[in-house]
Every structure is written in structure tokens, then in C-alpha cells.
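Structure file start.cif (mmCIF, C-alpha atoms) is printed below.
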data_structure
loop_
_atom_site.label_atom_id
_atom_site.label_comp_id
_atom_site.auth_asym_id
_atom_site.auth_seq_id
_atom_site.Cartn_x
_atom_site.Cartn_y
_atom_site.Cartn_z
CA MET A 276 73.55 -33.93 -9.09
CA ALA A 277 73.85 -31.11 -6.54
CA ILE A 278 72.55 -27.65 -7.53
CA PRO A 279 74.98 -24.81 -6.80
CA ARG A 280 73.92 -22.55 -3.97
CA ARG A 281 74.26 -19.40 -6.14
CA LEU A 282 71.65 -20.67 -8.63
CA ILE A 283 69.27 -21.53 -5.81
CA ALA A 284 69.65 -18.06 -4.32
CA LEU A 285 69.06 -16.36 -7.72
CA ALA A 286 65.92 -18.41 -8.30
CA GLY A 287 64.64 -17.38 -4.91
CA LEU A 288 65.13 -13.67 -5.71
CA VAL A 289 63.17 -14.06 -8.94
CA VAL A 290 60.26 -15.74 -7.19
CA ILE A 291 60.22 -13.25 -4.30
CA GLY A 292 60.36 -10.16 -6.59
CA ALA A 293 57.78 -11.39 -9.07
CA GLY A 294 55.20 -8.88 -7.75
CA ALA A 295 57.33 -5.83 -8.63
CA TRP A 296 59.65 -6.92 -11.46
CA THR A 297 59.25 -9.08 -14.52
CA LEU A 298 61.67 -10.98 -16.67
CA TRP A 299 59.47 -10.56 -19.81
CA PRO A 300 60.60 -7.93 -22.31
CA ALA A 301 58.83 -4.54 -22.21
CA PRO A 302 55.97 -4.23 -24.72
CA ALA A 303 56.79 -2.54 -28.03
CA THR A 304 55.77 1.11 -28.53
CA GLU A 305 52.20 1.38 -29.82
CA PRO A 306 51.84 2.51 -33.46
CA TRP A 307 50.42 5.89 -34.34
CA LEU A 308 46.95 5.36 -35.73
CA GLY A 309 45.50 7.25 -38.67
CA TYR A 310 43.78 6.98 -42.04
CA VAL A 311 44.17 7.81 -45.72
CA GLU A 312 42.97 11.27 -46.79
CA GLY A 313 42.90 13.17 -50.08
CA GLU A 314 42.63 16.76 -51.33
CA THR A 315 39.69 17.09 -53.70
CA LEU A 316 39.54 19.41 -56.73
CA TYR A 317 36.09 20.75 -57.61
CA PHE A 318 35.35 21.76 -61.22
CA ALA A 319 32.62 24.29 -61.98
CA ALA A 320 31.68 26.83 -64.64
CA PRO A 321 31.63 30.61 -63.92
CA VAL A 322 28.26 31.00 -65.66
CA ALA A 323 24.95 29.21 -65.40
CA GLY A 324 23.70 26.97 -68.17
CA THR A 325 22.37 23.59 -69.22
CA LEU A 326 24.78 20.68 -68.90
CA ALA A 327 25.18 19.57 -72.52
CA ARG A 328 27.64 16.74 -71.93
CA ARG A 329 29.45 15.01 -69.07
CA ASP A 330 32.46 13.00 -70.19
CA VAL A 331 33.35 11.15 -66.98
CA GLU A 332 31.61 8.91 -64.46
CA ARG A 333 32.11 8.50 -60.74
CA GLY A 334 35.14 6.35 -59.94
CA ALA A 335 36.70 6.77 -63.40
CA GLU A 336 40.39 7.48 -63.82
CA VAL A 337 41.23 10.73 -65.60
CA HIS A 338 44.45 12.02 -67.14
CA PRO A 339 45.70 15.58 -67.73
CA GLY A 340 43.88 17.30 -70.58
CA GLN A 341 40.87 14.98 -70.50
CA SER A 342 37.50 16.69 -70.98
CA LEU A 343 35.25 16.63 -67.91
CA PHE A 344 31.99 18.30 -68.98
CA THR A 345 30.55 20.97 -71.28
CA LEU A 346 27.72 23.47 -70.77
CA ASP A 347 25.50 24.54 -73.67
CA PRO A 348 27.85 26.91 -75.57
CA ARG A 349 25.35 28.79 -77.76
CA SER A 350 25.00 31.93 -75.62
CA VAL A 351 28.74 32.12 -74.99
CA ASP A 352 29.51 31.61 -78.69
CA ALA A 353 27.18 34.51 -79.52
CA ALA A 354 29.01 36.72 -77.03
CA VAL A 355 32.36 35.73 -78.59
CA ALA A 356 31.07 36.64 -82.06
CA ALA A 357 29.79 40.02 -80.80
CA SER A 358 33.15 40.79 -79.20
CA ALA A 359 34.98 39.86 -82.40
CA ALA A 360 32.75 42.26 -84.35
CA GLN A 361 33.54 45.03 -81.86
CA VAL A 362 37.26 44.42 -82.37
CA ALA A 363 36.85 44.67 -86.15
CA ASN A 364 34.84 47.90 -85.85
CA ALA A 365 37.30 49.53 -83.46
CA SER A 366 40.27 48.49 -85.62
CA ALA A 367 38.65 50.00 -88.71
CA GLN A 368 38.05 53.29 -86.92
CA ALA A 369 41.64 53.42 -85.72
CA ALA A 370 42.96 52.65 -89.22
CA ASP A 371 40.82 55.46 -90.65
CA LEU A 372 42.66 57.92 -88.40
CA THR A 373 46.18 56.63 -88.98
CA ASP A 374 46.23 55.54 -92.66
CA PRO A 375 45.46 58.28 -95.21
CA ARG A 376 44.89 55.68 -97.93
CA GLN A 377 41.73 54.64 -96.11
CA ARG A 378 40.33 58.15 -96.74
CA ALA A 379 40.79 58.40 -100.54
CA PRO A 380 37.04 58.09 -101.27
CA GLU A 381 36.36 60.93 -98.83
CA ILE A 382 38.93 63.13 -100.57
CA ASP A 383 37.39 62.41 -103.98
CA GLN A 384 33.97 63.28 -102.61
CA ALA A 385 35.31 66.55 -101.15
CA ARG A 386 36.88 67.47 -104.52
CA ALA A 387 33.61 66.87 -106.31
CA ALA A 388 31.83 69.00 -103.73
CA GLU A 389 34.36 71.81 -104.26
CA ALA A 390 33.86 71.75 -108.04
CA SER A 391 30.11 71.91 -107.60
CA ALA A 392 30.43 74.76 -105.09
CA ARG A 393 32.68 76.74 -107.47
CA ALA A 394 30.12 76.41 -110.26
CA GLN A 395 27.41 77.59 -107.92
CA LEU A 396 29.59 80.48 -106.79
CA ALA A 397 30.22 81.59 -110.37
CA ARG A 398 26.51 81.59 -111.10
CA ALA A 399 25.70 83.27 -107.79
CA GLU A 400 28.23 86.05 -108.42
CA ALA A 401 26.81 86.66 -111.88
CA ASP A 402 23.27 86.79 -110.45
CA PHE A 403 24.40 89.19 -107.72
CA GLU A 404 26.06 91.55 -110.21
CA ARG A 405 22.96 91.53 -112.41
CA PHE A 406 20.61 92.22 -109.52
CA SER A 407 22.92 94.93 -108.23
CA ALA A 408 22.76 96.71 -111.60
CA LEU A 409 18.99 96.30 -111.79
CA ALA A 410 18.52 97.50 -108.22
CA ALA A 411 20.57 100.64 -108.98
CA LYS A 412 18.14 101.42 -111.81
CA GLY A 413 15.10 100.53 -109.72
CA PHE A 414 14.21 97.38 -111.66
CA ALA A 415 15.04 94.89 -108.83
CA SER A 416 13.76 94.83 -105.28
CA ARG A 417 15.86 94.86 -102.16
CA THR A 418 14.71 91.35 -101.37
CA GLN A 419 15.97 89.98 -104.69
CA LEU A 420 19.32 91.62 -104.14
CA ASP A 421 19.66 90.16 -100.62
CA ALA A 422 18.76 86.68 -101.92
CA ALA A 423 21.43 86.91 -104.61
CA ARG A 424 24.02 88.03 -102.05
CA GLU A 425 23.09 85.14 -99.73
CA ALA A 426 23.40 82.60 -102.56
CA ARG A 427 26.86 83.97 -103.38
CA ASP A 428 27.98 83.71 -99.72
CA VAL A 429 26.60 80.17 -99.36
CA ALA A 430 28.48 79.02 -102.44
CA ALA A 431 31.71 80.54 -101.13
CA ALA A 432 31.22 78.79 -97.75
CA ALA A 433 30.63 75.47 -99.52
CA ILE A 434 33.95 75.87 -101.31
CA ARG A 435 35.78 76.45 -98.01
CA GLN A 436 34.07 73.43 -96.42
CA ALA A 437 35.06 71.15 -99.32
CA GLN A 438 38.65 72.40 -99.14
CA ALA A 439 38.74 71.73 -95.40
CA GLN A 440 37.47 68.18 -95.97
CA GLN A 441 40.23 67.58 -98.49
CA SER A 442 42.86 68.86 -96.06
CA ALA A 443 41.57 66.56 -93.34
CA GLY A 444 41.61 63.64 -95.73
CA ARG A 445 45.19 64.31 -96.75
CA MET A 446 46.42 64.37 -93.16
CA THR A 447 48.83 61.52 -92.42
CA ALA A 448 47.24 61.11 -88.99
CA GLY A 449 44.19 62.29 -87.14
CA ARG A 450 44.31 64.35 -84.03
CA ILE A 451 46.40 62.86 -81.24
CA GLU A 452 43.42 62.65 -78.90
CA GLN A 453 41.35 60.88 -81.54
CA GLN A 454 44.12 58.39 -82.21
CA ARG A 455 44.51 57.62 -78.53
CA ALA A 456 40.78 57.19 -78.13
CA ALA A 457 40.68 54.88 -81.14
CA GLN A 458 43.58 52.76 -79.83
CA ALA A 459 41.93 52.57 -76.41
CA GLY A 460 38.75 51.38 -78.09
CA VAL A 461 40.69 48.65 -79.89
CA ALA A 462 42.39 47.53 -76.68
CA GLY A 463 39.08 47.44 -74.82
CA ALA A 464 37.40 45.42 -77.54
CA GLN A 465 40.29 42.96 -77.64
CA ALA A 466 40.19 42.54 -73.85
CA SER A 467 36.46 41.84 -74.03
CA LEU A 468 37.08 39.26 -76.75
CA ARG A 469 39.77 37.52 -74.67
CA ALA A 470 37.41 37.40 -71.70
CA GLN A 471 34.66 35.83 -73.79
CA GLN A 472 37.09 33.32 -75.29
CA ARG A 473 38.32 32.42 -71.81
CA GLN A 474 34.73 31.94 -70.65
CA ARG A 475 34.20 29.65 -73.64
CA GLN A 476 37.03 27.47 -72.34
CA GLU A 477 35.74 27.56 -68.77
CA ILE A 478 32.34 26.11 -69.68
CA ALA A 479 34.19 23.05 -71.04
CA PRO A 480 36.99 22.40 -68.49
CA VAL A 481 39.61 19.69 -68.77
CA SER A 482 41.37 17.91 -65.95
CA PRO A 483 44.75 19.48 -65.11
CA VAL A 484 45.91 16.37 -63.22
CA ALA A 485 45.82 12.61 -63.22
CA GLY A 486 43.45 11.22 -60.63
CA GLN A 487 40.12 9.60 -59.89
CA VAL A 488 36.63 11.08 -60.19
CA GLU A 489 35.24 11.18 -56.66
CA GLN A 490 31.74 12.44 -57.44
CA VAL A 491 29.50 13.81 -60.20
CA TYR A 492 26.79 16.23 -59.15
CA TYR A 493 24.73 16.84 -62.33
CA ASN A 494 23.49 14.81 -65.27
CA PRO A 495 23.26 16.03 -68.90
CA GLY A 496 20.16 18.13 -69.47
CA GLU A 497 20.06 19.58 -65.95
CA TRP A 498 20.42 23.28 -65.23
CA VAL A 499 23.70 24.10 -63.50
CA ALA A 500 23.98 27.27 -61.43
CA ALA A 501 27.09 29.43 -61.77
CA ASN A 502 30.10 28.31 -59.72
CA GLN A 503 28.41 25.05 -58.67
CA PRO A 504 30.69 21.97 -58.86
CA VAL A 505 29.78 19.51 -61.58
CA VAL A 506 32.66 17.05 -61.09
CA SER A 507 35.15 16.47 -58.26
CA VAL A 508 38.51 14.76 -58.78
CA ILE A 509 41.06 13.42 -56.28
CA PRO A 510 44.55 13.94 -57.77
CA ALA A 511 46.83 10.94 -57.59
CA ASP A 512 49.64 13.05 -56.14
CA ARG A 513 47.46 14.63 -53.42
CA ARG A 514 46.68 11.53 -51.37
CA LYS A 515 48.19 11.34 -47.93
CA ILE A 516 47.98 9.61 -44.60
CA ARG A 517 46.85 11.56 -41.56
CA PHE A 518 47.92 10.18 -38.20
CA PHE A 519 48.20 11.40 -34.62
CA VAL A 520 51.37 11.50 -32.56
CA GLY A 521 51.58 11.86 -28.78
CA GLN A 522 52.99 15.04 -27.31
CA ASP A 523 56.00 13.17 -25.99
CA ARG A 524 57.12 12.03 -29.46
CA VAL A 525 56.14 14.83 -31.86
CA ALA A 526 59.29 16.89 -31.30
CA ALA A 527 61.35 14.17 -33.02
CA LEU A 528 59.37 14.51 -36.27
CA HIS A 529 60.08 17.06 -39.01
CA PRO A 530 58.71 17.78 -42.50
CA GLY A 531 60.62 15.72 -45.04
CA ASN A 532 61.11 12.74 -42.70
CA PRO A 533 59.98 9.37 -44.11
CA VAL A 534 57.62 7.18 -42.09
CA THR A 535 56.68 3.52 -42.45
CA PHE A 536 53.10 2.34 -42.07
CA THR A 537 50.95 -0.74 -42.51
CA CYS A 538 47.33 -1.03 -43.58
CA ASP A 539 44.68 -3.67 -44.13
CA GLY A 540 45.26 -5.34 -47.47
CA CYS A 541 48.81 -4.04 -47.81
CA SER A 542 51.10 -6.96 -48.56
CA GLN A 543 54.06 -5.21 -46.97
CA PRO A 544 54.86 -2.00 -45.08
CA ARG A 545 54.80 1.19 -47.15
CA THR A 546 56.47 4.56 -46.81
CA ALA A 547 55.26 8.15 -46.89
CA THR A 548 56.93 11.55 -46.46
CA ILE A 549 55.89 13.98 -43.73
CA ARG A 550 54.64 17.26 -45.22
CA TYR A 551 52.81 18.91 -42.31
CA ILE A 552 52.79 18.83 -38.51
CA ALA A 553 49.96 20.64 -36.74
CA PRO A 554 51.15 23.56 -34.59
CA ARG A 555 48.50 22.89 -31.91
CA ALA A 556 47.70 19.85 -29.81
CA GLU A 557 44.26 18.25 -29.65
CA PHE A 558 42.63 15.34 -27.91
CA THR A 559 42.64 12.08 -29.83
CA PRO A 560 39.79 12.29 -32.39
CA PRO A 561 36.91 9.84 -31.93
CA VAL A 562 37.65 8.35 -35.35
CA ILE A 563 40.87 6.88 -33.89
CA TYR A 564 39.69 3.83 -31.92
CA SER A 565 42.27 3.40 -29.20
CA GLU A 566 41.38 2.93 -25.55
CA HIS A 567 44.97 3.66 -24.60
CA ALA A 568 45.22 6.99 -26.43
CA ARG A 569 41.70 8.41 -26.30
CA ALA A 570 42.42 10.82 -23.43
CA LYS A 571 45.90 11.88 -24.52
CA LEU A 572 46.92 15.10 -26.20
CA VAL A 573 48.16 14.42 -29.72
CA PHE A 574 49.40 16.36 -32.76
CA MET A 575 48.01 15.72 -36.24
CA VAL A 576 50.68 14.82 -38.82
CA GLU A 577 50.21 14.48 -42.58
CA ALA A 578 52.53 12.47 -44.84
CA ALA A 579 52.30 12.42 -48.65
CA LEU A 580 51.81 9.11 -50.42
CA PRO A 581 53.63 8.24 -53.65
CA ALA A 582 51.46 9.02 -56.69
CA ASP A 583 52.02 5.51 -58.07
CA GLN A 584 50.74 3.82 -54.90
CA PRO A 585 47.16 5.08 -54.40
CA LEU A 586 45.15 3.87 -51.45
CA PRO A 587 41.40 4.25 -50.88
CA LEU A 588 40.32 7.21 -48.78
CA GLY A 589 39.44 6.42 -45.20
CA LEU A 590 41.56 3.27 -45.05
CA PRO A 591 42.97 2.89 -41.50
CA VAL A 592 46.74 2.86 -41.19
CA ALA A 593 49.22 2.20 -38.40
CA VAL A 594 52.44 4.22 -38.52
CA GLN A 595 55.49 2.71 -36.90
CA PRO A 596 57.20 5.11 -34.46
#

Written as C-alpha cells, how would this file's structure read?
Amino acid sequence: MAIPRRLIALAGLVVIGAGAWTLWPAPATEPWLGYVEGETLYFAAPVAGTLARRDVERGAEVHPGQSLFTLDPRSVDAAVAASAAQVANASAQAADLTDPRQRAPEIDQARAAEASARAQLARAEADFERFSALAAKGFASRTQLDAAREARDVAAAAIRQAQAQQSAGRMTAGRIEQQRAAQAGVAGAQASLRAQQRQRQEIAPVSPVAGQVEQVYYNPGEWVAANQPVVSVIPADRRKIRFFVGQDRVAALHPGNPVTFTCDGCSQPRTATIRYIAPRAEFTPPVIYSEHARAKLVFMVEAALPADQPLPLGLPVAVQP
């Protein structure tokens, strides 16, 4: 069978141009390499103390509201009790100024003092009159007369003091400045109590999120310094993939875009949502093992993983462009 001349000529062109052209399809675009990362929450107490109890272990799953650890509460409980007593004292002082019924015993005491002072005054006046008459006749000394006059004046002053105490007790309110000072004292005591109660909660924190305990730093019985982490947790909804995109492709990506990636052990491709694109370029990090991309400028991109599909931190991933 004769071969057509056109086919022979085409075959010759393919053979001749094999050094410059190829009939094989162009290689697919290389994936963007990266790894799984997480944002860790560190839980500490604002005060120092002995670790009384730790309720979680490294690697354990936690849920919102679950207790993490507790410091020895005895010193904090004592401070709460002292603050509560201060609130009660300040409230009683404020009530004494604003409620006249609280001052009934004082009024009764002032009335009794007035009655006693009146009896003393009557006797002192009689003594003064007698000594005055005796002094006029020369039978009493000047000193005796002065003492009788002084006793009369003291008794009269005691009556005025008792009457003033009764008037103060019958007042429907104390002085405005005193009332304001008393109310300020109550507010200050209540604020101190709230602060102590808050501190009592902070020495026994609970997890605000669902996640996994990454690390525990102290064991029960050890002394924990203030603000030193005792437990760290990786929230389930704060895991992400971090990958690096070449400068020629980054402009096509935007926060909110979905991306597809594969990883070792993943039975099928998974998806993530871009949340952050670095504003500055960098050279490919050494952790990304790629001979082709190691000298290229790239942009770091982060994409959030679904909370119900956790992946271990550090797991390499390959994102499909």
C-alpha cells in the first residue's frame, strides 16, 4: 500500500523539529506547597499559687465549659470574705445616715442623757442659789461659789448636747456630703468584692472552646508563677493550612476564595477557605522542600479548615492552583 506524500512530509517535519518542539502535552502547573498550622490558646492564672488540680492531659479533647485546672483557693477565698465584710460594713454606715429608724437607740440614749442633765441642773441651780446667799453673808468662800456656778453651767451644757443628739437622730437624712461619702464607700467595697470574685474564677479557668490540649506545663503540687501558662489548647475552629504562592499567581487569590488541597493520609482532596494573604513577598521558606521554587519570591497564604475536619499540625499539604 502506498503512503501518501503529505503524511511522509509531515513525519519528516516532526523528526527534523524534535530538538525545538515536542508533541507531548505541557506539564501540569506545580501545586503550592504548605503545611497545617493552628492558633494556640494559653491558659494561666493572674496570681501565683500552688496547682491544686489539673483536669486535663496532653492530647485530650476538651469542650466549652470544661474545667482545665485549679490553683489553691484558700488565700483568694479569704480575700473574698474580707471584701464581703467591707461591703456589709459600708452598707450599714450608709443606712445609718439615710434611715432614721436605724438611729432609734441613739435617740433613746440622748433622751435619757437629757433627763439626767436636767436633774443635775436643778440640783446645781439650788446649790448655786444657796452658796450665793451664804457668800453674801460671808459664810461661803468665793471658791465654793465659783464651783457651784460651774456645776450649773456644765449641767445646762449637757442638756443642750443631749437635745442636739436627739435632733440629729430625728433627721430623715444625714448631711449630703456624709451620704455621698457613705455611698462611695459602698460602691468601692462592692467593686473590690467583684474583683476578688473574678479572681476566684480566674484561678480555676474553663475552656471557652472545643479543641485539643496541646501541652501541659505544670503538675499538681507545683508552684505556678503569676501569668504563667498551665495548659495550652488548640481550638478546633482555629486550624488552617499555610501555603506559599508564587508572585505570578497571587493576584488571582482573594480572601473568601475556596482552595482544594491534598495531604498524606487524606483519602480524597479537601477544601479550605482563604482568610489571609501576606502583604509582602518572601523567599520560599526552607521548610518547603522544592528545588523548583526555593529561589522564587512567594506570598504566604492562610486558609481556614472546617472545624469538623481536624488535621494534625505540621502535616504537609499540596494546594491545587

Go through A:Val491, A:Glu381, A:Ala422, A:Ala410 and flag the residue nearest Glu332 in chain A, using only C-alpha atoms for the distances.
A:Val491

Just say which residues the PyMOL selection byres ((chain A and resi 517) around 6) picks in this file, as number ranges by chain.
A: 309-310, 516, 518, 576-577

Selection: 8 Å around Phe519 in chain A, all atoms listed in the file, excl. self and same-chain fewer than 3 positions, as a ChimeraX atom specification
/A:307-309,559,573-576

Applied to the shown file, which residues does the PyMOL selection byres ((chain A and resi 477) around 9) return, written as a ChimeraX atom specification?
/A:319-322,345,472-476,478-481

Would you mind reading off the distance between CA of Thr304 in chain A and CA of Ala553 in chain A, one decimal, in Å?
22.0 Å

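As for CA of Tyr492 in chain A and CA of Arg333 in chain A, they are spaced 9.5 Å apart.
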
Have a look at A:Ala456, A:Val331, A:Leu528, A:Ala385 and name the one nearest to Ser442 in chain A; count only C-alpha atoms.
A:Ala385

Identify, on the basis of all atoms listed in the file, every residue whose closest approach to Ala464 in chain A does not exceed 10 Å; exclude the query and any residue fewer than 6 positions from it along the same chain; express the result as a PyMOL selection string.
chain A and resi 357-366+458+470

So how many Å separate CA of Gly531 in chain A and CA of Thr548 in chain A, to one decimal?
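It comes out at 5.7 Å.
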